[in-house]
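Containing PDB, C-alpha atoms and all ligand atoms: target.pdb.
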ATOM      1  CA  MET A   1     -60.326 -19.851 -62.112  1.00  0.00           C
ATOM      2  CA  ALA A   2     -62.368 -20.462 -58.979  1.00  0.00           C
ATOM      3  CA  ARG A   3     -64.322 -17.447 -57.863  1.00  0.00           C
ATOM      4  CA  LYS A   4     -63.792 -16.466 -54.248  1.00  0.00           C
ATOM      5  CA  THR A   5     -67.031 -16.342 -52.267  1.00  0.00           C
ATOM      6  CA  LEU A   6     -67.956 -12.841 -51.132  1.00  0.00           C
ATOM      7  CA  VAL A   7     -70.450 -12.041 -48.389  1.00  0.00           C
ATOM      8  CA  ALA A   8     -71.393  -8.404 -47.854  1.00  0.00           C
ATOM      9  CA  ALA A   9     -73.394  -6.761 -45.080  1.00  0.00           C
ATOM     10  CA  ASN A  10     -75.690  -3.939 -46.132  1.00  0.00           C
ATOM     11  CA  HIS A  11     -76.668  -2.146 -42.929  1.00  0.00           C
ATOM     12  CA  LYS A  12     -78.810   0.363 -44.856  1.00  0.00           C
ATOM     13  CA  MET A  13     -79.872   3.320 -42.631  1.00  0.00           C
ATOM     14  CA  ASN A  14     -79.695   1.311 -39.404  1.00  0.00           C
ATOM     15  CA  GLY A  15     -77.625   1.274 -36.258  1.00  0.00           C
ATOM     16  CA  THR A  16     -75.801   3.527 -33.859  1.00  0.00           C
ATOM     17  CA  LEU A  17     -72.122   4.162 -33.362  1.00  0.00           C
ATOM     18  CA  GLN A  18     -72.186   1.609 -30.571  1.00  0.00           C
ATOM     19  CA  SER A  19     -74.084  -1.073 -32.454  1.00  0.00           C
ATOM     20  CA  VAL A  20     -71.851  -0.733 -35.532  1.00  0.00           C
ATOM     21  CA  LYS A  21     -68.754  -1.133 -33.374  1.00  0.00           C
ATOM     22  CA  GLU A  22     -70.285  -4.167 -31.679  1.00  0.00           C
ATOM     23  CA  ILE A  23     -71.057  -5.788 -35.018  1.00  0.00           C
ATOM     24  CA  CYS A  24     -67.470  -5.145 -36.129  1.00  0.00           C
ATOM     25  CA  GLN A  25     -65.995  -6.523 -32.919  1.00  0.00           C
ATOM     26  CA  ASN A  26     -68.188  -9.583 -33.188  1.00  0.00           C
ATOM     27  CA  LEU A  27     -66.819 -10.205 -36.691  1.00  0.00           C
ATOM     28  CA  ASN A  28     -63.242  -9.672 -35.484  1.00  0.00           C
ATOM     29  CA  ASN A  29     -63.719 -12.273 -32.773  1.00  0.00           C
ATOM     30  CA  ALA A  30     -65.482 -14.869 -34.911  1.00  0.00           C
ATOM     31  CA  GLN A  31     -63.833 -17.737 -36.744  1.00  0.00           C
ATOM     32  CA  LEU A  32     -64.536 -16.678 -40.299  1.00  0.00           C
ATOM     33  CA  ASP A  33     -63.978 -18.984 -43.247  1.00  0.00           C
ATOM     34  CA  PRO A  34     -60.669 -17.736 -44.726  1.00  0.00           C
ATOM     35  CA  ASN A  35     -61.947 -18.641 -48.192  1.00  0.00           C
ATOM     36  CA  VAL A  36     -64.631 -15.980 -47.977  1.00  0.00           C
ATOM     37  CA  GLU A  37     -64.142 -12.279 -48.615  1.00  0.00           C
ATOM     38  CA  THR A  38     -66.201 -10.277 -46.131  1.00  0.00           C
ATOM     39  CA  VAL A  39     -67.372  -6.709 -46.730  1.00  0.00           C
ATOM     40  CA  VAL A  40     -69.304  -4.490 -44.303  1.00  0.00           C
ATOM     41  CA  ALA A  41     -71.350  -1.480 -45.450  1.00  0.00           C
ATOM     42  CA  PRO A  42     -72.488   0.650 -42.514  1.00  0.00           C
ATOM     43  CA  PRO A  43     -74.191   4.038 -42.911  1.00  0.00           C
ATOM     44  CA  ALA A  44     -71.782   6.730 -44.187  1.00  0.00           C
ATOM     45  CA  ILE A  45     -71.410   8.395 -40.823  1.00  0.00           C
ATOM     46  CA  TYR A  46     -70.026   5.156 -39.350  1.00  0.00           C
ATOM     47  CA  LEU A  47     -67.620   4.220 -42.146  1.00  0.00           C
ATOM     48  CA  LEU A  48     -64.557   5.502 -40.302  1.00  0.00           C
ATOM     49  CA  ALA A  49     -65.519   3.809 -37.049  1.00  0.00           C
ATOM     50  CA  ALA A  50     -66.100   0.538 -38.879  1.00  0.00           C
ATOM     51  CA  ARG A  51     -62.744   0.811 -40.651  1.00  0.00           C
ATOM     52  CA  GLU A  52     -60.963   1.595 -37.390  1.00  0.00           C
ATOM     53  CA  THR A  53     -62.657  -1.265 -35.558  1.00  0.00           C
ATOM     54  CA  LEU A  54     -62.534  -4.063 -38.123  1.00  0.00           C
ATOM     55  CA  LYS A  55     -59.440  -6.146 -38.661  1.00  0.00           C
ATOM     56  CA  LYS A  56     -57.776  -5.494 -41.986  1.00  0.00           C
ATOM     57  CA  GLU A  57     -58.941  -8.766 -43.579  1.00  0.00           C
ATOM     58  CA  ILE A  58     -62.511  -7.436 -43.511  1.00  0.00           C
ATOM     59  CA  ALA A  59     -63.288  -4.730 -46.041  1.00  0.00           C
ATOM     60  CA  VAL A  60     -65.568  -1.743 -45.641  1.00  0.00           C
ATOM     61  CA  ALA A  61     -68.041  -0.475 -48.243  1.00  0.00           C
ATOM     62  CA  ALA A  62     -69.928   2.771 -48.635  1.00  0.00           C
ATOM     63  CA  GLN A  63     -73.599   2.517 -49.586  1.00  0.00           C
ATOM     64  CA  ASN A  64     -73.156   5.191 -52.233  1.00  0.00           C
ATOM     65  CA  VAL A  65     -70.418   7.186 -53.979  1.00  0.00           C
ATOM     66  CA  PHE A  66     -70.650  10.117 -56.403  1.00  0.00           C
ATOM     67  CA  ASP A  67     -69.364  10.195 -59.970  1.00  0.00           C
ATOM     68  CA  LYS A  68     -67.377  13.434 -59.783  1.00  0.00           C
ATOM     69  CA  PRO A  69     -64.060  14.464 -58.263  1.00  0.00           C
ATOM     70  CA  ASN A  70     -64.044  16.532 -55.064  1.00  0.00           C
ATOM     71  CA  GLY A  71     -65.868  19.821 -55.472  1.00  0.00           C
ATOM     72  CA  ALA A  72     -69.172  21.616 -55.106  1.00  0.00           C
ATOM     73  CA  PHE A  73     -71.483  18.616 -54.637  1.00  0.00           C
ATOM     74  CA  THR A  74     -73.258  19.166 -51.340  1.00  0.00           C
ATOM     75  CA  GLY A  75     -74.122  15.995 -49.506  1.00  0.00           C
ATOM     76  CA  GLU A  76     -72.061  13.651 -51.676  1.00  0.00           C
ATOM     77  CA  THR A  77     -68.949  11.582 -51.007  1.00  0.00           C
ATOM     78  CA  SER A  78     -66.193  11.069 -53.569  1.00  0.00           C
ATOM     79  CA  ALA A  79     -64.264   7.963 -54.521  1.00  0.00           C
ATOM     80  CA  HIS A  80     -61.091   9.819 -53.467  1.00  0.00           C
ATOM     81  CA  GLN A  81     -62.513  10.438 -50.003  1.00  0.00           C
ATOM     82  CA  LEU A  82     -63.412   6.771 -49.660  1.00  0.00           C
ATOM     83  CA  LYS A  83     -59.876   5.790 -50.654  1.00  0.00           C
ATOM     84  CA  ASP A  84     -58.476   8.324 -48.188  1.00  0.00           C
ATOM     85  CA  ALA A  85     -60.508   6.645 -45.426  1.00  0.00           C
ATOM     86  CA  SER A  86     -59.396   3.132 -46.516  1.00  0.00           C
ATOM     87  CA  VAL A  87     -62.919   2.321 -47.663  1.00  0.00           C
ATOM     88  CA  ASP A  88     -62.255   0.198 -50.724  1.00  0.00           C
ATOM     89  CA  TRP A  89     -65.789  -0.744 -51.766  1.00  0.00           C
ATOM     90  CA  ALA A  90     -69.141   0.837 -52.593  1.00  0.00           C
ATOM     91  CA  ILE A  91     -72.599  -0.596 -53.144  1.00  0.00           C
ATOM     92  CA  LEU A  92     -74.244   1.024 -56.161  1.00  0.00           C
ATOM     93  CA  GLY A  93     -77.601   0.633 -57.839  1.00  0.00           C
ATOM     94  CA  HIS A  94     -79.430  -0.813 -54.875  1.00  0.00           C
ATOM     95  CA  SER A  95     -83.153  -0.954 -55.637  1.00  0.00           C
ATOM     96  CA  GLU A  96     -83.894   1.323 -52.681  1.00  0.00           C
ATOM     97  CA  ARG A  97     -81.751   4.021 -54.284  1.00  0.00           C
ATOM     98  CA  ARG A  98     -83.244   3.348 -57.697  1.00  0.00           C
ATOM     99  CA  THR A  99     -86.850   3.511 -56.496  1.00  0.00           C
ATOM    100  CA  ILE A 100     -86.763   5.910 -53.508  1.00  0.00           C
ATOM    101  CA  LEU A 101     -83.949   8.232 -54.644  1.00  0.00           C
ATOM    102  CA  GLY A 102     -84.767   8.013 -58.337  1.00  0.00           C
ATOM    103  CA  GLU A 103     -81.382   6.771 -59.561  1.00  0.00           C
ATOM    104  CA  THR A 104     -81.571   5.674 -63.178  1.00  0.00           C
ATOM    105  CA  ASP A 105     -79.667   2.881 -64.911  1.00  0.00           C
ATOM    106  CA  GLU A 106     -77.518   5.627 -66.446  1.00  0.00           C
ATOM    107  CA  THR A 107     -76.722   7.321 -63.115  1.00  0.00           C
ATOM    108  CA  VAL A 108     -75.795   4.006 -61.581  1.00  0.00           C
ATOM    109  CA  ALA A 109     -73.610   3.116 -64.556  1.00  0.00           C
ATOM    110  CA  SER A 110     -71.838   6.468 -64.447  1.00  0.00           C
ATOM    111  CA  LYS A 111     -71.160   6.145 -60.713  1.00  0.00           C
ATOM    112  CA  THR A 112     -69.905   2.596 -61.210  1.00  0.00           C
ATOM    113  CA  LYS A 113     -67.507   3.719 -63.914  1.00  0.00           C
ATOM    114  CA  TYR A 114     -66.156   6.616 -61.899  1.00  0.00           C
ATOM    115  CA  ALA A 115     -65.720   4.509 -58.771  1.00  0.00           C
ATOM    116  CA  THR A 116     -63.986   1.589 -60.484  1.00  0.00           C
ATOM    117  CA  ASP A 117     -61.756   3.922 -62.521  1.00  0.00           C
ATOM    118  CA  ASN A 118     -60.682   5.483 -59.235  1.00  0.00           C
ATOM    119  CA  GLY A 119     -59.832   2.346 -57.342  1.00  0.00           C
ATOM    120  CA  ILE A 120     -63.122   1.538 -55.618  1.00  0.00           C
ATOM    121  CA  SER A 121     -64.572  -1.951 -56.092  1.00  0.00           C
ATOM    122  CA  VAL A 122     -68.309  -1.924 -56.648  1.00  0.00           C
ATOM    123  CA  ILE A 123     -71.135  -4.231 -55.672  1.00  0.00           C
ATOM    124  CA  TRP A 124     -73.491  -3.352 -58.492  1.00  0.00           C
ATOM    125  CA  CYS A 125     -77.105  -4.345 -57.821  1.00  0.00           C
ATOM    126  CA  CYS A 126     -79.818  -5.344 -60.243  1.00  0.00           C
ATOM    127  CA  GLY A 127     -83.169  -7.038 -59.955  1.00  0.00           C
ATOM    128  CA  GLU A 128     -86.800  -7.084 -61.009  1.00  0.00           C
ATOM    129  CA  SER A 129     -90.020  -6.062 -59.270  1.00  0.00           C
ATOM    130  CA  LEU A 130     -92.777  -8.559 -58.515  1.00  0.00           C
ATOM    131  CA  GLU A 131     -94.847  -7.098 -61.328  1.00  0.00           C
ATOM    132  CA  GLN A 132     -91.998  -7.576 -63.793  1.00  0.00           C
ATOM    133  CA  ARG A 133     -91.435 -11.163 -62.624  1.00  0.00           C
ATOM    134  CA  GLU A 134     -95.109 -12.005 -62.921  1.00  0.00           C
ATOM    135  CA  ALA A 135     -95.133 -10.538 -66.418  1.00  0.00           C
ATOM    136  CA  GLY A 136     -92.282 -12.891 -67.358  1.00  0.00           C
ATOM    137  CA  LYS A 137     -89.892  -9.969 -67.851  1.00  0.00           C
ATOM    138  CA  THR A 138     -87.187 -10.797 -65.288  1.00  0.00           C
ATOM    139  CA  LEU A 139     -84.368 -11.637 -67.678  1.00  0.00           C
ATOM    140  CA  GLU A 140     -85.264  -8.756 -69.982  1.00  0.00           C
ATOM    141  CA  VAL A 141     -85.174  -6.227 -67.106  1.00  0.00           C
ATOM    142  CA  ILE A 142     -81.806  -7.455 -65.909  1.00  0.00           C
ATOM    143  CA  ALA A 143     -80.342  -7.516 -69.412  1.00  0.00           C
ATOM    144  CA  ALA A 144     -81.398  -3.866 -69.830  1.00  0.00           C
ATOM    145  CA  GLN A 145     -79.755  -2.902 -66.514  1.00  0.00           C
ATOM    146  CA  LEU A 146     -76.574  -4.724 -67.579  1.00  0.00           C
ATOM    147  CA  ALA A 147     -76.623  -3.093 -71.012  1.00  0.00           C
ATOM    148  CA  ALA A 148     -76.719   0.373 -69.415  1.00  0.00           C
ATOM    149  CA  LEU A 149     -73.713  -0.586 -67.304  1.00  0.00           C
ATOM    150  CA  LYS A 150     -71.829  -1.916 -70.306  1.00  0.00           C
ATOM    151  CA  LYS A 151     -72.242   1.385 -72.136  1.00  0.00           C
ATOM    152  CA  GLU A 152     -70.051   3.038 -69.489  1.00  0.00           C
ATOM    153  CA  VAL A 153     -67.780   0.337 -68.184  1.00  0.00           C
ATOM    154  CA  SER A 154     -65.030  -1.542 -69.972  1.00  0.00           C
ATOM    155  CA  ASP A 155     -63.056  -2.949 -67.032  1.00  0.00           C
ATOM    156  CA  TRP A 156     -65.238  -5.445 -65.172  1.00  0.00           C
ATOM    157  CA  SER A 157     -62.497  -6.674 -62.837  1.00  0.00           C
ATOM    158  CA  LYS A 158     -63.579  -4.392 -59.973  1.00  0.00           C
ATOM    159  CA  ILE A 159     -67.289  -5.171 -60.309  1.00  0.00           C
ATOM    160  CA  VAL A 160     -69.261  -7.720 -58.323  1.00  0.00           C
ATOM    161  CA  ILE A 161     -72.866  -8.161 -59.436  1.00  0.00           C
ATOM    162  CA  ALA A 162     -75.606  -8.582 -56.840  1.00  0.00           C
ATOM    163  CA  TYR A 163     -78.877 -10.021 -58.090  1.00  0.00           C
ATOM    164  CA  GLU A 164     -81.546  -8.747 -55.726  1.00  0.00           C
ATOM    165  CA  PRO A 165     -85.150  -9.430 -56.721  1.00  0.00           C
ATOM    166  CA  ILE A 166     -87.039  -6.459 -55.271  1.00  0.00           C
ATOM    167  CA  TRP A 167     -89.873  -8.690 -54.045  1.00  0.00           C
ATOM    168  CA  ALA A 168     -87.404 -10.630 -51.892  1.00  0.00           C
ATOM    169  CA  ILE A 169     -85.768  -7.630 -50.185  1.00  0.00           C
ATOM    170  CA  GLY A 170     -86.757  -7.270 -46.561  1.00  0.00           C
ATOM    171  CA  THR A 171     -89.861  -9.389 -47.098  1.00  0.00           C
ATOM    172  CA  GLY A 172     -88.740 -12.718 -45.683  1.00  0.00           C
ATOM    173  CA  LYS A 173     -89.688 -14.136 -49.097  1.00  0.00           C
ATOM    174  CA  VAL A 174     -86.385 -15.501 -50.386  1.00  0.00           C
ATOM    175  CA  ALA A 175     -86.009 -16.573 -54.023  1.00  0.00           C
ATOM    176  CA  THR A 176     -85.830 -20.346 -54.381  1.00  0.00           C
ATOM    177  CA  LYS A 177     -82.428 -21.690 -55.293  1.00  0.00           C
ATOM    178  CA  GLU A 178     -83.808 -22.537 -58.730  1.00  0.00           C
ATOM    179  CA  GLN A 179     -85.133 -18.997 -59.272  1.00  0.00           C
ATOM    180  CA  ALA A 180     -81.841 -17.460 -58.169  1.00  0.00           C
ATOM    181  CA  GLN A 181     -79.676 -19.877 -60.144  1.00  0.00           C
ATOM    182  CA  GLU A 182     -81.708 -19.270 -63.303  1.00  0.00           C
ATOM    183  CA  VAL A 183     -81.074 -15.521 -63.152  1.00  0.00           C
ATOM    184  CA  HIS A 184     -77.430 -15.908 -62.112  1.00  0.00           C
ATOM    185  CA  ALA A 185     -76.787 -18.262 -65.033  1.00  0.00           C
ATOM    186  CA  SER A 186     -78.463 -15.815 -67.400  1.00  0.00           C
ATOM    187  CA  ILE A 187     -76.272 -12.955 -66.090  1.00  0.00           C
ATOM    188  CA  ARG A 188     -73.208 -15.122 -66.660  1.00  0.00           C
ATOM    189  CA  LYS A 189     -74.354 -15.903 -70.181  1.00  0.00           C
ATOM    190  CA  TRP A 190     -75.002 -12.213 -70.804  1.00  0.00           C
ATOM    191  CA  LEU A 191     -71.439 -11.444 -69.722  1.00  0.00           C
ATOM    192  CA  LYS A 192     -70.090 -14.100 -72.082  1.00  0.00           C
ATOM    193  CA  ASP A 193     -72.169 -12.876 -75.035  1.00  0.00           C
ATOM    194  CA  ASN A 194     -71.698  -9.155 -74.423  1.00  0.00           C
ATOM    195  CA  VAL A 195     -68.429  -8.652 -72.566  1.00  0.00           C
ATOM    196  CA  SER A 196     -65.997 -11.571 -72.626  1.00  0.00           C
ATOM    197  CA  GLN A 197     -65.485 -15.173 -71.618  1.00  0.00           C
ATOM    198  CA  GLN A 198     -63.135 -13.912 -68.918  1.00  0.00           C
ATOM    199  CA  ALA A 199     -65.710 -11.544 -67.419  1.00  0.00           C
ATOM    200  CA  SER A 200     -68.236 -14.368 -67.490  1.00  0.00           C
ATOM    201  CA  ASP A 201     -65.870 -16.782 -65.750  1.00  0.00           C
ATOM    202  CA  GLU A 202     -64.454 -14.358 -63.183  1.00  0.00           C
ATOM    203  CA  THR A 203     -67.223 -11.937 -62.200  1.00  0.00           C
ATOM    204  CA  ARG A 204     -68.792 -12.861 -58.914  1.00  0.00           C
ATOM    205  CA  ILE A 205     -72.573 -12.842 -58.792  1.00  0.00           C
ATOM    206  CA  LEU A 206     -74.114 -12.485 -55.339  1.00  0.00           C
ATOM    207  CA  TYR A 207     -77.680 -13.186 -54.393  1.00  0.00           C
ATOM    208  CA  GLY A 208     -79.528 -10.752 -52.102  1.00  0.00           C
ATOM    209  CA  GLY A 209     -83.027 -10.674 -50.684  1.00  0.00           C
ATOM    210  CA  SER A 210     -84.024 -12.155 -47.319  1.00  0.00           C
ATOM    211  CA  VAL A 211     -80.837 -14.189 -47.015  1.00  0.00           C
ATOM    212  CA  SER A 212     -80.568 -15.735 -43.565  1.00  0.00           C
ATOM    213  CA  GLU A 213     -78.451 -18.268 -41.728  1.00  0.00           C
ATOM    214  CA  LYS A 214     -81.266 -20.726 -42.468  1.00  0.00           C
ATOM    215  CA  ASN A 215     -81.456 -20.442 -46.249  1.00  0.00           C
ATOM    216  CA  CYS A 216     -77.867 -19.542 -47.202  1.00  0.00           C
ATOM    217  CA  LYS A 217     -76.409 -23.062 -47.302  1.00  0.00           C
ATOM    218  CA  GLU A 218     -78.852 -24.275 -49.903  1.00  0.00           C
ATOM    219  CA  LEU A 219     -78.426 -21.183 -52.089  1.00  0.00           C
ATOM    220  CA  ALA A 220     -74.625 -21.339 -51.813  1.00  0.00           C
ATOM    221  CA  GLN A 221     -74.572 -24.759 -53.449  1.00  0.00           C
ATOM    222  CA  GLU A 222     -75.797 -23.395 -56.761  1.00  0.00           C
ATOM    223  CA  ALA A 223     -73.097 -23.212 -59.420  1.00  0.00           C
ATOM    224  CA  ASP A 224     -73.490 -19.527 -60.216  1.00  0.00           C
ATOM    225  CA  ILE A 225     -74.152 -18.125 -56.732  1.00  0.00           C
ATOM    226  CA  ASP A 226     -70.841 -16.744 -55.477  1.00  0.00           C
ATOM    227  CA  GLY A 227     -71.999 -15.230 -52.198  1.00  0.00           C
ATOM    228  CA  PHE A 228     -74.557 -12.898 -50.717  1.00  0.00           C
ATOM    229  CA  LEU A 229     -75.544  -9.302 -50.131  1.00  0.00           C
ATOM    230  CA  VAL A 230     -77.294  -9.394 -46.777  1.00  0.00           C
ATOM    231  CA  GLY A 231     -79.532  -6.716 -45.286  1.00  0.00           C
ATOM    232  CA  GLY A 232     -81.522  -7.463 -42.130  1.00  0.00           C
ATOM    233  CA  ALA A 233     -79.562 -10.564 -41.103  1.00  0.00           C
ATOM    234  CA  SER A 234     -76.258  -8.681 -41.339  1.00  0.00           C
ATOM    235  CA  LEU A 235     -77.219  -6.707 -38.233  1.00  0.00           C
ATOM    236  CA  LYS A 236     -77.404  -9.900 -36.173  1.00  0.00           C
ATOM    237  CA  PRO A 237     -74.731 -12.260 -34.844  1.00  0.00           C
ATOM    238  CA  ALA A 238     -76.048 -14.890 -37.275  1.00  0.00           C
ATOM    239  CA  PHE A 239     -74.293 -12.962 -40.055  1.00  0.00           C
ATOM    240  CA  VAL A 240     -71.235 -15.008 -39.092  1.00  0.00           C
ATOM    241  CA  ASP A 241     -73.126 -18.195 -40.018  1.00  0.00           C
ATOM    242  CA  ILE A 242     -73.883 -16.720 -43.431  1.00  0.00           C
ATOM    243  CA  ILE A 243     -70.180 -15.934 -43.990  1.00  0.00           C
ATOM    244  CA  ASN A 244     -69.423 -19.508 -42.958  1.00  0.00           C
ATOM    245  CA  CYS A 245     -72.153 -21.043 -45.116  1.00  0.00           C
ATOM    246  CA  LYS A 246     -69.719 -23.278 -46.981  1.00  0.00           C
ATOM    247  CA  LYS A 247     -67.706 -24.361 -43.949  1.00  0.00           C
TER     248      LYS A 247
HETATM  249  P1  LIG B 301     -82.544  -8.105 -46.862  1.00  0.00           P
HETATM  250  O1  LIG B 301     -81.890  -6.949 -47.741  1.00  0.00           O
HETATM  251  O2  LIG B 301     -81.482  -9.139 -46.633  1.00  0.00           O
HETATM  252  O3  LIG B 301     -82.971  -7.438 -45.596  1.00  0.00           O
HETATM  253  O4  LIG B 301     -83.694  -8.665 -47.647  1.00  0.00           O
HETATM  254  C1  LIG B 301     -80.975  -7.235 -48.769  1.00  0.00           C
HETATM  255  C2  LIG B 301     -80.554  -5.977 -49.452  1.00  0.00           C
HETATM  256  O5  LIG B 301     -81.392  -5.078 -49.651  1.00  0.00           O
HETATM  257  O6  LIG B 301     -79.367  -5.822 -49.814  1.00  0.00           O
END

Would you write the structure of this file as C-alpha cells?
Ligand code: PGA
Amino acid sequence: MARKTLVAANHKMNGTLQSVKEICQNLNNAQLDPNVETVVAPPAIYLLAARETLKKEIAVAAQNVFDKPNGAFTGETSAHQLKDASVDWAILGHSERRTILGETDETVASKTKYATDNGISVIWCCGESLEQREAGKTLEVIAAQLAALKKEVSDWSKIVIAYEPIWAIGTGKVATKEQAQEVHASIRKWLKDNVSQQASDETRILYGGSVSEKNCKELAQEADIDGFLVGGASLKPAFVDIINCKK
C-alpha cells in the first residue's frame, strides 16, 4: 500500500490571530497537491480560528493534548475538547516539550495512547541530540523512545512518526538525505521487528528539522521519507512549495 505523503506545519509559540488567519487563507487559495495530506498546528489559542478559516481538506493539529478525560487539570486540553472543536490531530513528544517542559518517554507514550484511543491522530516525534549522534547512539536513542511508545500503544494506525534530530531543529542545519533515510529505514525495521509488517509498511515517517522549500525535494525522494514536520518555514508562504515538493 502506498503511503500518502503528509506535510505538517508546527507553528510552535508564534503568530497572532491575524497572521494565523493569513497563513490559513494562503493555504486555502494555493494549488495544493491533492496527493498530500496537509496538517496545520497553530498555538492552542488559535486552533478554533484556524479550523474556522481552513478549508475542510486541510486538517488542524494541537501542539499538545493531555492523557485524562475532562476534569480538574488546570491548563490542559483534552482529546474530547479537540474532537469537539474538529481538531483531529495532535503533535506529541516534540523535543522542545521533552527538554524544556520535562516530558518523559513515558508521559509522551501515555498521552499518545489516550489521544489515539479517543479519536485523535498523533504526530509522535523522536530524535537524538548532537551529543548522542556524535557518540554513535542515534539508533539506540530512537529505539528506546519507540520501545516506550510500544509499551502503551497497540493500535498504530493513528500514529505518524516524525524523526526530528534535535541538532537540526531551528538551526538551519538540515540532516542530509542519507542521514535521514538511514534513521527512517531503521524506524521502519524496528516497526517490522517489534510491531508488525503492516505497521512497518503503513506507518508514515516524516522528517523534521530545518526543512525548507530548498531542501525538501531532495529529501522527499528517499524511499522511507513520507513527508515533513515543518517549523520555521511553515510560517512563510514557501510552505506551499514544501507541500508541493513532489509535484
Ligand atoms: P524547524 O522546526 O523546521 O524550524 O527546524 C521543526 C520542528 O521543530 O518541528

Non-local contacts of Asp33 (chain A) (7 Å; all atoms listed in the file; under 3 positions in same chain excluded) as a list in words =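 My list of contacting residues is Val36, Ile243, Asn244 and Lys247 of chain A.
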
Target residues per the PyMOL selection byres (((chain A and resi 155-161) around 8) and not hetatm), formatted as a VMD selection string | chain A and resid 116 120 to 126 153 to 154 162 to 163 199 202 to 206

With distances taken over all atoms listed in the file, which of A:Glu178, A:Glu164, A:Glu76, A:Asp241 is nearest to ligand LIG 301 (chain B)?
-> A:Glu164

Once you count all atoms listed in the file, which residues end up within 7 Å of ligand LIG 301 (chain B), and could you hand them over as a ChimeraX atom specification?
-> /A:10,164,168-172,208-211,229-233

What are the centre and edge lengths in Å, to one decimal, of the axis-aligned box around all listed atoms of region 160-178 of chain A with 4 Å added on each side, as lines of an AutoDock Vina configuration file?
center_x = -79.6
center_y = -14.5
center_z = -52.6
size_x = 28.6
size_y = 24.1
size_z = 21.8

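Interatomic distance, CA of Val183 (chain A) to CA of Thr104 (chain A): 21.2 Å.
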
Would you kindly translate the PyMOL selection byres (((chain A and resi 86-102) around 8) and not hetatm) into the concrete residues it picks from this file, as a PyMOL selection string?
-> chain A and resi 39+41+47+51+59-65+82-85+103-105+108+111-112+115+119-127+164+166

Limited to C-alpha atoms, could you put the picked residues into a file as a PDB file, in the coordinates of the input?
ATOM      1  CA  VAL A  39     -67.372  -6.709 -46.730  1.00  0.00           C
ATOM      2  CA  ALA A  41     -71.350  -1.480 -45.450  1.00  0.00           C
ATOM      3  CA  LEU A  47     -67.620   4.220 -42.146  1.00  0.00           C
ATOM      4  CA  ARG A  51     -62.744   0.811 -40.651  1.00  0.00           C
ATOM      5  CA  ALA A  59     -63.288  -4.730 -46.041  1.00  0.00           C
ATOM      6  CA  VAL A  60     -65.568  -1.743 -45.641  1.00  0.00           C
ATOM      7  CA  ALA A  61     -68.041  -0.475 -48.243  1.00  0.00           C
ATOM      8  CA  ALA A  62     -69.928   2.771 -48.635  1.00  0.00           C
ATOM      9  CA  GLN A  63     -73.599   2.517 -49.586  1.00  0.00           C
ATOM     10  CA  ASN A  64     -73.156   5.191 -52.233  1.00  0.00           C
ATOM     11  CA  VAL A  65     -70.418   7.186 -53.979  1.00  0.00           C
ATOM     12  CA  LEU A  82     -63.412   6.771 -49.660  1.00  0.00           C
ATOM     13  CA  LYS A  83     -59.876   5.790 -50.654  1.00  0.00           C
ATOM     14  CA  ASP A  84     -58.476   8.324 -48.188  1.00  0.00           C
ATOM     15  CA  ALA A  85     -60.508   6.645 -45.426  1.00  0.00           C
ATOM     16  CA  GLU A 103     -81.382   6.771 -59.561  1.00  0.00           C
ATOM     17  CA  THR A 104     -81.571   5.674 -63.178  1.00  0.00           C
ATOM     18  CA  ASP A 105     -79.667   2.881 -64.911  1.00  0.00           C
ATOM     19  CA  VAL A 108     -75.795   4.006 -61.581  1.00  0.00           C
ATOM     20  CA  LYS A 111     -71.160   6.145 -60.713  1.00  0.00           C
ATOM     21  CA  THR A 112     -69.905   2.596 -61.210  1.00  0.00           C
ATOM     22  CA  ALA A 115     -65.720   4.509 -58.771  1.00  0.00           C
ATOM     23  CA  GLY A 119     -59.832   2.346 -57.342  1.00  0.00           C
ATOM     24  CA  ILE A 120     -63.122   1.538 -55.618  1.00  0.00           C
ATOM     25  CA  SER A 121     -64.572  -1.951 -56.092  1.00  0.00           C
ATOM     26  CA  VAL A 122     -68.309  -1.924 -56.648  1.00  0.00           C
ATOM     27  CA  ILE A 123     -71.135  -4.231 -55.672  1.00  0.00           C
ATOM     28  CA  TRP A 124     -73.491  -3.352 -58.492  1.00  0.00           C
ATOM     29  CA  CYS A 125     -77.105  -4.345 -57.821  1.00  0.00           C
ATOM     30  CA  CYS A 126     -79.818  -5.344 -60.243  1.00  0.00           C
ATOM     31  CA  GLY A 127     -83.169  -7.038 -59.955  1.00  0.00           C
ATOM     32  CA  GLU A 164     -81.546  -8.747 -55.726  1.00  0.00           C
ATOM     33  CA  ILE A 166     -87.039  -6.459 -55.271  1.00  0.00           C
TER      34      ILE A 166
END

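Each of A:Cys216, A:Leu149, A:Ala238, A:Ile225 was compared to His184 (chain A) using only C-alpha atoms, and A:Ile225 turns out to be the nearest.
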
Record the distance separating CA of Pro42 (chain A) and CA of Gln221 (chain A), expressed in Å with one decimal.
->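 CA of Pro42 (chain A) sits 27.7 Å away from CA of Gln221 (chain A).
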
Mind giving me the straight-line distance from CA of Pro69 (chain A) to CA of Gln81 (chain A) in Å, one decimal?
->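 For CA of Pro69 (chain A) relative to CA of Gln81 (chain A), the distance reads 9.3 Å.
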
Selection under test: the PyMOL selection byres (((chain A and resi 14-25) around 12) and not hetatm); residues as an MDAnalysis selection string | chainID A and resid 9:13 26:30 38:60 63 231:240

When distances are computed from only C-alpha atoms, which of A:Ile187, A:Leu130, A:Ala223, A:Val174 shows the smallest separation from Ile142 (chain A)?
->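 The shortest atom-to-atom distance to Ile142 (chain A) comes from A:Ile187.
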
Nearest to Ser78 (chain A) by atom-to-atom distance, counting all atoms listed in the file, from A:Asp201, A:Asn118, A:Glu106, A:Glu218 =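 The answer is A:Asn118, which sits nearest to Ser78 (chain A).
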
Name the residues, using the chain letters and numbers of the file, that sit within 6 Å of (-71.3, 11.8, -61.9) when counting all atoms listed in the file, and give them as a list of chain:residue names.
->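 It turns out the residues near that spot are A:Phe66, A:Asp67, A:Lys68, A:Ser110, A:Lys111.
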
Dump C-alpha atoms for the selected residues as a CSV table (one decimal), in the coordinates of the input?
chain,number,residue,atom,x,y,z
A,66,PHE,CA,-70.6,10.1,-56.4
A,67,ASP,CA,-69.4,10.2,-60.0
A,68,LYS,CA,-67.4,13.4,-59.8
A,110,SER,CA,-71.8,6.5,-64.4
A,111,LYS,CA,-71.2,6.1,-60.7
